[in-house]
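First comes the structure, then the notes that go with it.
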Amino acid sequence: MTSTVPVPVVRTADGHALQAVLLDMDGTLVDTEGFWWEIEADIFRELGHRLEESWRDVVVGGPMSRSAAFLIQATGAAIGLAELSVLLNERFEARIADQVPLMPGAERLLSELARHNVPTALVSASHRRVIDQVLLTLGRDRFTMTVAGDEVARTKPHPDPYLLAANSLGAHPARCAVIEDTATGVAAAEAAGCRVVAVPSVGRIEPAPGRTIVRSLEDVDLPFLRSLISPLN
């Protein structure tokens, strides 16, 4: 359950106002959003149903429970939510068993954050078993902590995962930079009070006050993230 205990606003050891960087996983650090859609399409094809391309924007970035439930309802497929969730996780794990493709700029950014000892959290709507598999490629030691979608009472688009991550790192949400690729993830981070950098992967993310939209992670580095957080008094 997400903690809402207030966190004191303190200047980081290096004097910068940025206290932590919180990163989404699928579509942000690893190029896997397409994998999920292909797997969903394959499973429903086997069940005798064709997924509409327009549904992709509905299911992307959200928790599996929401996405799977939507697809079952939309198609009328004869499969239960629990059974479908197991199938999706098993096939995704098999798909990424050998290597997970990184998004452009992800390796450099993670290395830079680690080199400067910036507290980081991986915050994903994916289940723990999937996150642990992906971490074999990303490197578990590059993250101070990780939050999985099945470890919080409410996952994205609710703010709970980002509030939990900030609190666990001893950071104030307003002093955290979040990097997300979907409207669902952006909504969660902004609801938590974090400063958001959107790197759209699937679907458009509309401009909004306080929201920064970039082309790819190749446009993001530590000085850029620090510049987004107002100096402390």
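Simple scheme: letters A, B, ... for chains in structure tokens order, numbers from 1 for residues in each chain, numbers from 1 for ligands in the order shown.
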Inset, instruction - Write out as a ChimeraX atom specification which residues come within 12 Å of Ile96 (chain A) when counting only C-alpha atoms, dropping same-chain ones fewer than 2 positions away. - result: /A:26,30-33,35-36,39,89-94,98-102,130-137
Inset, instruction - Please report, as a VMD selection string, each residue of region 35-229 of chain A to which DSSP assigns helix (DSSP H, G or I) when run on this structure's backbone. - result: chain A and resid 35 to 46 53 to 59 64 to 75 81 to 95 106 to 115 128 to 138 140 to 142 149 to 151 160 to 168 173 to 175 183 to 191 217 to 219 222 to 227
Inset, instruction - Extract, using only C-alpha atoms, all DNA, RNA and protein residues at most 12 Å from Pro209 (chain A), discarding same-chain residues fewer than 2 positions from it, and format them as a list in words. - result: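 Returned residues: Glu190, Arg195, Val196, Val197, Glu206, Pro207, Arg211, Thr212 and Ile213 of chain A.
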Using C-alpha atoms, can you export the residues from the last selection as a CSV table (one decimal), in the first residue's frame?
```csv
chain,number,residue,atom,x,y,z
A,190,GLU,CA,1.6,14.2,-12.6
A,195,ARG,CA,7.9,16.7,-12.9
A,196,VAL,CA,7.3,14.7,-16.0
A,197,VAL,CA,9.4,14.1,-19.1
A,206,GLU,CA,-0.6,16.2,-25.5
A,207,PRO,CA,1.4,19.2,-24.3
A,211,ARG,CA,5.1,18.8,-18.9
A,212,THR,CA,8.1,18.3,-21.1
A,213,ILE,CA,7.9,16.3,-24.3
```
Inset, instruction - Extract, using only C-alpha atoms, all DNA, RNA and protein residues at most 10 Å from region 145-159 of chain A, discarding same-chain residues fewer than 5 positions from it, and format them as a PyMOL selection string. - result: chain A and resi 1-2+22-24+61-65+119-132+135+140+164-165+168-169+182-194
Legend entry - Minimum-distance residue to Trp37 (chain A), chosen among A:Val199, A:Glu83, A:Leu88, A:Arg226 (using only C-alpha atoms): A:Leu88
Inset, instruction - From a DSSP pass on the backbone, collect the residues of region 4-231 of chain A flagged as strand (DSSP E or B) and hand them back as an MDAnalysis selection string. - result: chainID A and resid 20:23 26 30 102 120:123 145:147 176:180 195:198 211:213
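From CA of Asp141 (chain A) back to CA of Glu218 (chain A), the distance works out to 21.8 Å.
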Legend entry - Interatomic distance (Å, one decimal) between CA of Arg95 (chain A) and CA of Ala114 (chain A):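 Spanning CA of Arg95 (chain A) to CA of Ala114 (chain A) is a straight-line distance of 28.1 Å.
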Inset, instruction - Give the answer as one residue: which of A:Ser227, A:Asp42, A:Ile79, A:Leu138 has the shortest atom-to-atom distance to Leu109 (chain A), using only C-alpha atoms? - result: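 Looking only at the distances to Leu109 (chain A), the closest residue turns out to be A:Leu138.
For the set A:Ala208, A:Ala77, A:Val202, A:Leu217, the residue with the smallest atom-to-atom gap to Ile179 (chain A) is A:Leu217, counting only C-alpha atoms.
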Legend entry - Distance query Ala78 (chain A) at most 10 Å, only C-alpha atoms, self and fewer than 6 positions along chain excluded, as a list in words: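 Here the qualifying residues turn out to be Phe44, Leu47, Gly48 and Ile72 of chain A.
The space between CA of Pro161 (chain A) and CA of Arg204 (chain A) spans 22.6 Å.
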